[in-house]
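In what follows, a single structure is set out as structure tokens and then discussed.
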Amino acid sequence: MLPVRTREALVRHRHRILIGLSALALVSCSSTYMATHGVSNAPLAQEVRRATERYQDVAAATAAGYAPFLGCVSSPQDGAMGIHYVNGDLVGDGKLDVARPEALMYEQKGNKLELVGVEYIVIASAWDAGNKTPPTLMGQLFHYGTSPNRYGIPAYYALHVWAWKANPHGVFMDWNPQVSCEEHRVSLLRR
């Protein structure tokens, strides 16, 4: 029979191992969930998820200065972008920060808005005044949008990141065929 102190040390060691294995299992489960649901593990998508977790609740987005902009944006052949909640102060500041996307994109499911991605937007003239090259964020090049455009804004640079809902066309594509405006109701946005 082992001395009492040795037995206690073994029990403590087993507890540490069990705690470590439990933590590993939790991390593995969350990574497996993201991977099996097609959500990108690209570094920028991971950063977006960390930065926007609190905006799963649209009330947190509105409290942070985001507001609905132009209803639900859809395309007849490419799916949709969803409902944009835009922070006008961020759009107009001429800066880009992965932790502060200019727009949050939601999809309506029943009576709930689900965060599906973000859009980084910078007005082209503001960016071009201080930079010699088009914007990039963690290696991802922005698209250029001309003016006039359907949004009624000046020429701009934009980058979509489908961090919360998989896009079979790619995590940085503008349109997502798995996003729909079919359930969009304006009355829900006015709450």
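Ligands are numbered from 1 in the order shown, residues from 1 within each chain, and chains are lettered A, B, ... in the order they appear in the structure tokens.
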Write out as a PyMOL selection string each polymer residue whose atoms come within 12 Å of Thr133 (chain A), counting only C-alpha atoms; drop sequence neighbours fewer than 2 positions from it.
chain A and resi 124+127-131+135-136+141-142+144+157
Atoms to include: C-alpha atoms. Write the selected residues as a PDB file, in the first residue's frame.
```pdb
ATOM      1  CA  ALA A 124     -12.136  55.925 -51.629  1.00  0.00           C
ATOM      2  CA  TRP A 127      -8.358  56.395 -48.218  1.00  0.00           C
ATOM      3  CA  ASP A 128      -6.578  57.597 -51.355  1.00  0.00           C
ATOM      4  CA  ALA A 129      -5.708  60.944 -49.709  1.00  0.00           C
ATOM      5  CA  GLY A 130      -3.375  59.193 -47.291  1.00  0.00           C
ATOM      6  CA  ASN A 131      -2.397  55.992 -49.093  1.00  0.00           C
ATOM      7  CA  PRO A 135      -6.561  48.957 -48.782  1.00  0.00           C
ATOM      8  CA  THR A 136      -5.868  45.476 -47.477  1.00  0.00           C
ATOM      9  CA  LEU A 141      -7.423  43.152 -50.894  1.00  0.00           C
ATOM     10  CA  PHE A 142     -10.565  45.316 -50.907  1.00  0.00           C
ATOM     11  CA  TYR A 144     -13.465  49.079 -55.455  1.00  0.00           C
ATOM     12  CA  TYR A 157     -13.457  50.254 -51.064  1.00  0.00           C
TER      13      TYR A 157
END
```
Neighbour list for Leu113 (chain A) as a list in words, cut-off 12 Å, only C-alpha atoms, skip fewer than 4 positions in-chain:
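Selected residues are Tyr55, Gln56, Asp57, Val58, Ala59, Ala61, Pro68, Cys72, Gly82, Ile83, His84, Tyr85, Leu104, Met105, Tyr106, Glu107, Gln108, Lys109, Gly117, Ser180, Cys181, Glu183, His184, Arg185, Val186, Leu188, Leu189 and Arg191 of chain A.
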Between CA of Pro154 (chain A) and CA of Leu44 (chain A), what is the spacing in Å?
26.2 Å
Among region 78-170 of chain A, which residues does DSSP mark as strand (DSSP E) when it is run on the backbone? Keep the chain and numbering as in the structure and answer as JSON, numbers by chain.
{"A": [79, 80, 81, 82, 83, 84, 85, 86, 103, 104, 105, 106, 107, 108, 109, 112, 113, 114, 115, 116, 117, 118, 119, 120, 121, 122, 123, 136, 137, 140, 141, 143, 144, 145, 156, 157, 158, 159, 160, 161]}
Same residues, C-alpha atoms, output as a compact mmCIF listing (two decimals), in the first residue's frame:
```txt
# COMPACT_ATOMS: atom_id res chain seq x y z
CA GLY A 79 -27.95 35.09 -53.02
CA ALA A 80 -27.76 38.05 -50.66
CA MET A 81 -25.59 40.11 -48.33
CA GLY A 82 -28.37 40.43 -45.77
CA ILE A 83 -29.41 43.37 -43.63
CA HIS A 84 -26.59 45.85 -43.10
CA TYR A 85 -26.24 47.69 -39.81
CA VAL A 86 -23.78 50.49 -40.55
CA ALA A 103 -20.99 47.30 -41.18
CA LEU A 104 -22.48 44.22 -39.56
CA MET A 105 -24.55 41.90 -41.77
CA TYR A 106 -27.58 40.08 -40.40
CA GLU A 107 -30.03 37.55 -41.81
CA GLN A 108 -33.56 37.44 -40.52
CA LYS A 109 -34.72 34.04 -39.25
CA LYS A 112 -34.59 37.09 -34.86
CA LEU A 113 -31.67 38.70 -36.67
CA GLU A 114 -28.63 36.41 -36.92
CA LEU A 115 -25.17 37.87 -37.47
CA VAL A 116 -23.71 36.32 -40.62
CA GLY A 117 -20.73 38.53 -41.44
CA VAL A 118 -19.23 41.98 -41.61
CA GLU A 119 -18.24 44.50 -44.23
CA TYR A 120 -15.26 46.80 -43.98
CA ILE A 121 -15.93 50.00 -45.94
CA VAL A 122 -13.80 53.06 -46.51
CA ILE A 123 -14.66 56.01 -48.76
CA THR A 136 -5.87 45.48 -47.48
CA LEU A 137 -6.73 43.90 -44.16
CA GLN A 140 -7.07 40.58 -48.11
CA LEU A 141 -7.42 43.15 -50.89
CA HIS A 143 -12.93 45.66 -53.90
CA TYR A 144 -13.47 49.08 -55.45
CA GLY A 145 -17.06 50.32 -55.84
CA TYR A 156 -15.60 53.26 -51.88
CA TYR A 157 -13.46 50.25 -51.06
CA ALA A 158 -15.12 47.27 -49.39
CA LEU A 159 -14.31 43.83 -48.06
CA HIS A 160 -16.93 41.31 -46.92
CA VAL A 161 -15.99 38.67 -44.36
```
Write out as a list in words the residues lying within 9 Å of Lys165 (chain A), counting only C-alpha atoms and excluding same-chain residues fewer than 6 positions away.
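Listing them by chain and then by number gives His37, Gly38, Val39, Ser40, Leu115, Val116, Gly117, Val171, Asn176, Gln178 and Val179 of chain A.
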Find the residues around region 87-90 of chain A up to 7 Å (only C-alpha atoms counted), leave out those fewer than 3 positions away in its own chain, and share them as a list of chain:residue names.
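Here the qualifying residues turn out to be A:Gly65, A:Tyr66, A:Ala67, A:Asp93, A:Glu102, A:Ala103.
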CA of Ala155 (chain A) to CA of Lys95 (chain A): how many Å, to one decimal?
15.2 Å
Suppose you want the space between CA of Ser74 (chain A) and CA of Asn111 (chain A); what is it in Å?
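Computing it gives 19.3 Å between the two atoms.
Between Leu70 (chain A) and the candidates A:Ala126, A:Met173, A:Ala163, A:Ile153, the tightest atom-to-atom separation, counting only C-alpha atoms, involves A:Ile153.
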